[in-house]
Amino acid sequence: MPPGDYARIYAAVRRIPRGRVATYGQIALLADLPGHARQVGYALNALEHERVPWHRVVNAQGRISLRAVSGAEFEQRRRLEAEGVEFDAAGRLSLARFQWRPRA
DNA sequence: AGCCTGACTCGGA
DNA sequence: CTCCGAGCCAGGC
């Protein structure tokens with residue numbers, strides 16, 4: 001996978017406004033990498049100190065994807081709630097309400 | 001090459 | 001609604 005791909009993925013994630021979320025597949029599309037939803041996850045997993053709002057990326061079911069190393073999920077939810085995103089009792093957010101829909 | 005794994009997704013049971 | 005199963009693609013062995 002070309003090194004530049006990660007940069008495009010990060011650029012797409014950076015476009016997500018505060019208080020909104022995007023799905024992995026959606027980011028893949030915006031980065032011109034249709035079908036690479038999993039790679040988006042890898043790219044986010046590889047983040048170190050880059051300034052990228054990784055917490056605004058959730059899966060297609062409006063849930064926070066679990067990592068191999070548990071713990072970061074709580075941090076993600078905490079950050080989203082700090083931006084006004086609400087979760088239901090089942091730990092899921094409403095994509096209908098919070099998903100970012102960039103125009104054309 | 002083959003096999004396994006993973007911050008994914010969609011559709012069917 | 002939840003649980004698979006299959007498809008998906010990149011990476012590491």
# chains A, B, ... in the order shown; residues from 1 in each chain; ligands from 1
>>> residues_around(residues="DC4 in chain C", least_positions_apart="6", cutoff="12 Å", atoms="only C-alpha atoms (C1' of nucleotides)", output="list in words")
DG11, DG12 and DA13 of chain B
>>> select_by_dssp(residues="range 9-70 of chain A", states="alpha helix (DSSP H)", output="ChimeraX atom specification")
/A:9-14,24-30,37-45
>>> select_by_dssp(residues="range 7-63 of chain A", states="strand (DSSP E)", output="VMD selection string")
chain A and resid 22 to 23 57 to 58
>>> write_last_selection(atoms="N, CA and C atoms", output="short mmCIF file (atom, residue, chain, number, x, y, z; two decimals), in the first residue's frame")
data_model
loop_
_atom_site.label_atom_id
_atom_site.label_comp_id
_atom_site.auth_asym_id
_atom_site.auth_seq_id
_atom_site.Cartn_x
_atom_site.Cartn_y
_atom_site.Cartn_z
N ALA A 22 -17.99 9.74 11.18
CA ALA A 22 -17.97 9.15 9.83
C ALA A 22 -17.66 7.67 10.03
N THR A 23 -18.06 6.86 9.06
CA THR A 23 -17.79 5.42 9.18
C THR A 23 -16.49 5.12 8.46
N VAL A 57 -14.35 8.46 14.05
CA VAL A 57 -14.58 7.37 13.09
C VAL A 57 -15.15 6.16 13.83
N VAL A 58 -16.36 5.76 13.42
CA VAL A 58 -17.01 4.61 14.04
C VAL A 58 -17.42 3.63 12.94
#
>>> atom_distance(atom1="CA of Gly41 in chain A", atom2="CA of Arg103 in chain A")
23.7 Å
>>> closest_residue(among="A:Ala60, A:Leu33, A:Glu50, A:Phe74", to="chain B", atoms="only C-alpha atoms (C1' of nucleotides)")
A:Ala60
>>> interface_residues(of="chain C", to="chain A", cutoff="7 Å", atoms="only C-alpha atoms (C1' of nucleotides)", output="list of chain:residue names")
C:DC8, C:DC9, C:DA10
>>> closest_atom_pairs(of="chain B", to="chain A", cutoff="8 Å", atoms="only C-alpha atoms (C1' of nucleotides)", output="CSV")
residue,atom,partner,partner_atom,distance
B:DG6,C1',A:Arg38,CA,7.5
B:DA7,C1',A:Gly41,CA,4.6
B:DC8,C1',A:Arg38,CA,4.8
B:DT9,C1',A:Ala60,CA,7.3
>>> write_last_selection(atoms="C-alpha atoms (C1' of nucleotides)", output="PDB file, in the first residue's frame")
ATOM      1  C1'  DG B   6      -7.669  -7.484  11.599  1.00  0.00           C
ATOM      2  C1'  DA B   7     -10.255  -0.175  14.868  1.00  0.00           C
ATOM      3  C1'  DC B   8     -14.729  -3.362   8.176  1.00  0.00           C
ATOM      4  C1'  DT B   9     -19.364  -4.280   5.761  1.00  0.00           C
TER       5       DT B   9
END
>>> atom_distance(atom1="CA of Arg78 in chain A", atom2="C1' of DC10 in chain B")
28.8 Å
>>> atom_distance(atom1="C1' of DA1 in chain B", atom2="C1' of DC13 in chain C")
12.5 Å
>>> residues_around(residues="Ala90 in chain A", least_positions_apart="3", cutoff="12 Å", atoms="only C-alpha atoms (C1' of nucleotides)", output="list in words")
Gln61, Gly62, Arg63, Ile64, Glu86, Phe87, Leu93 and Ser94 of chain A; DC1 of chain C
>>> write_last_selection(atoms="C-alpha atoms (C1' of nucleotides)", output="compact mmCIF listing (two decimals), in the first residue's frame")
# COMPACT_ATOMS: atom_id res chain seq x y z
CA GLN A 61 -23.52 0.24 12.95
CA GLY A 62 -22.86 3.41 14.88
CA ARG A 63 -20.75 1.55 17.40
CA ILE A 64 -17.18 2.04 18.54
CA GLU A 86 -24.91 10.99 22.57
CA PHE A 87 -24.87 7.25 23.11
CA LEU A 93 -24.92 6.44 18.63
CA SER A 94 -27.47 7.47 16.00
C1' DC C 1 -32.53 -6.95 17.42
>>> decode(residues="range 18-68 of chain A", atoms="N, CA and C atoms", output="short mmCIF file (atom, residue, chain, number, x, y, z; two decimals), in the first residue's frame")
data_model
loop_
_atom_site.label_atom_id
_atom_site.label_comp_id
_atom_site.auth_asym_id
_atom_site.auth_seq_id
_atom_site.Cartn_x
_atom_site.Cartn_y
_atom_site.Cartn_z
N ARG A 18 -16.40 18.77 14.28
CA ARG A 18 -16.63 18.42 15.69
C ARG A 18 -18.10 18.03 15.87
N GLY A 19 -18.33 17.07 16.73
CA GLY A 19 -19.69 16.67 17.02
C GLY A 19 -20.32 15.79 15.96
N ARG A 20 -19.54 15.43 14.91
CA ARG A 20 -20.08 14.55 13.87
C ARG A 20 -19.15 13.35 13.77
N VAL A 21 -19.65 12.29 13.14
CA VAL A 21 -18.82 11.10 12.98
C VAL A 21 -18.89 10.61 11.54
N ALA A 22 -17.99 9.74 11.18
CA ALA A 22 -17.97 9.15 9.83
C ALA A 22 -17.66 7.67 10.03
N THR A 23 -18.06 6.86 9.06
CA THR A 23 -17.79 5.42 9.18
C THR A 23 -16.49 5.12 8.46
N TYR A 24 -15.94 3.96 8.74
CA TYR A 24 -14.67 3.56 8.13
C TYR A 24 -14.83 3.53 6.60
N GLY A 25 -15.91 2.94 6.16
CA GLY A 25 -16.13 2.83 4.72
C GLY A 25 -16.29 4.20 4.08
N GLN A 26 -16.91 5.09 4.79
CA GLN A 26 -17.11 6.45 4.29
C GLN A 26 -15.77 7.15 4.11
N ILE A 27 -14.89 6.99 5.08
CA ILE A 27 -13.56 7.61 4.99
C ILE A 27 -12.79 7.00 3.83
N ALA A 28 -12.93 5.70 3.65
CA ALA A 28 -12.21 5.03 2.56
C ALA A 28 -12.65 5.65 1.23
N LEU A 29 -13.94 5.88 1.11
CA LEU A 29 -14.47 6.46 -0.12
C LEU A 29 -13.91 7.88 -0.32
N LEU A 30 -13.95 8.68 0.73
CA LEU A 30 -13.46 10.06 0.64
C LEU A 30 -11.98 10.10 0.32
N ALA A 31 -11.26 9.04 0.69
CA ALA A 31 -9.81 9.00 0.43
C ALA A 31 -9.54 8.34 -0.92
N ASP A 32 -10.59 8.11 -1.68
CA ASP A 32 -10.44 7.47 -2.99
C ASP A 32 -9.92 6.06 -2.89
N LEU A 33 -10.37 5.35 -1.88
CA LEU A 33 -9.93 3.97 -1.68
C LEU A 33 -11.16 3.12 -1.38
N PRO A 34 -12.10 3.07 -2.34
CA PRO A 34 -13.33 2.29 -2.11
C PRO A 34 -13.03 0.83 -1.76
N GLY A 35 -13.73 0.33 -0.76
CA GLY A 35 -13.53 -1.06 -0.36
C GLY A 35 -12.41 -1.25 0.64
N HIS A 36 -11.74 -0.15 1.01
CA HIS A 36 -10.62 -0.28 1.94
C HIS A 36 -10.97 0.13 3.36
N ALA A 37 -12.18 -0.15 3.77
CA ALA A 37 -12.59 0.22 5.13
C ALA A 37 -11.63 -0.31 6.19
N ARG A 38 -11.18 -1.53 6.00
CA ARG A 38 -10.28 -2.12 7.01
C ARG A 38 -8.97 -1.38 7.08
N GLN A 39 -8.51 -0.94 5.91
CA GLN A 39 -7.23 -0.24 5.88
C GLN A 39 -7.33 1.09 6.62
N VAL A 40 -8.54 1.65 6.65
CA VAL A 40 -8.73 2.90 7.39
C VAL A 40 -8.47 2.60 8.86
N GLY A 41 -8.97 1.47 9.30
CA GLY A 41 -8.75 1.08 10.69
C GLY A 41 -7.26 0.90 10.96
N TYR A 42 -6.56 0.30 10.02
CA TYR A 42 -5.12 0.08 10.20
C TYR A 42 -4.41 1.41 10.29
N ALA A 43 -4.82 2.33 9.41
CA ALA A 43 -4.17 3.65 9.38
C ALA A 43 -4.36 4.35 10.72
N LEU A 44 -5.56 4.27 11.26
CA LEU A 44 -5.83 4.93 12.53
C LEU A 44 -5.06 4.25 13.65
N ASN A 45 -4.93 2.95 13.52
CA ASN A 45 -4.20 2.19 14.54
C ASN A 45 -2.72 2.57 14.53
N ALA A 46 -2.25 3.00 13.36
CA ALA A 46 -0.83 3.35 13.23
C ALA A 46 -0.54 4.77 13.69
N LEU A 47 -1.57 5.50 14.07
CA LEU A 47 -1.37 6.89 14.51
C LEU A 47 -0.50 6.97 15.75
N GLU A 48 0.36 7.97 15.76
CA GLU A 48 1.20 8.17 16.95
C GLU A 48 0.92 9.56 17.51
N HIS A 49 1.53 10.57 16.90
CA HIS A 49 1.31 11.92 17.41
C HIS A 49 0.67 12.85 16.39
N GLU A 50 0.23 12.29 15.30
CA GLU A 50 -0.39 13.14 14.29
C GLU A 50 -1.65 13.79 14.84
N ARG A 51 -1.97 14.96 14.34
CA ARG A 51 -3.16 15.66 14.79
C ARG A 51 -4.34 15.20 13.95
N VAL A 52 -4.94 14.09 14.31
CA VAL A 52 -6.07 13.54 13.57
C VAL A 52 -7.19 13.17 14.53
N PRO A 53 -8.41 13.64 14.24
CA PRO A 53 -9.55 13.35 15.11
C PRO A 53 -10.06 11.92 14.90
N TRP A 54 -9.23 10.94 15.21
CA TRP A 54 -9.54 9.53 15.03
C TRP A 54 -10.80 9.08 15.77
N HIS A 55 -11.13 9.77 16.85
CA HIS A 55 -12.30 9.36 17.63
C HIS A 55 -13.62 9.57 16.90
N ARG A 56 -13.57 10.35 15.80
CA ARG A 56 -14.82 10.61 15.06
C ARG A 56 -15.11 9.53 14.03
N VAL A 57 -14.35 8.46 14.05
CA VAL A 57 -14.58 7.37 13.09
C VAL A 57 -15.15 6.16 13.83
N VAL A 58 -16.36 5.76 13.42
CA VAL A 58 -17.01 4.61 14.04
C VAL A 58 -17.42 3.63 12.94
N ASN A 59 -17.89 2.46 13.32
CA ASN A 59 -18.27 1.49 12.29
C ASN A 59 -19.67 1.76 11.77
N ALA A 60 -20.06 1.03 10.74
CA ALA A 60 -21.32 1.25 10.03
C ALA A 60 -22.56 1.04 10.90
N GLN A 61 -22.37 0.47 12.08
CA GLN A 61 -23.52 0.24 12.95
C GLN A 61 -23.63 1.33 14.00
N GLY A 62 -22.80 2.33 13.90
CA GLY A 62 -22.86 3.41 14.88
C GLY A 62 -22.26 2.99 16.21
N ARG A 63 -21.38 2.00 16.16
CA ARG A 63 -20.75 1.55 17.40
C ARG A 63 -19.25 1.77 17.33
N ILE A 64 -18.62 1.85 18.48
CA ILE A 64 -17.18 2.04 18.54
C ILE A 64 -16.55 0.67 18.38
N SER A 65 -15.69 0.54 17.40
CA SER A 65 -15.05 -0.75 17.16
C SER A 65 -14.07 -1.09 18.27
N LEU A 66 -14.07 -2.35 18.68
CA LEU A 66 -13.18 -2.80 19.74
C LEU A 66 -11.78 -3.04 19.20
N ARG A 67 -10.78 -2.72 19.99
CA ARG A 67 -9.38 -2.96 19.59
C ARG A 67 -8.88 -4.23 20.25
N ALA A 68 -7.71 -4.63 19.80
CA ALA A 68 -7.09 -5.81 20.39
C ALA A 68 -6.79 -5.46 21.85
#
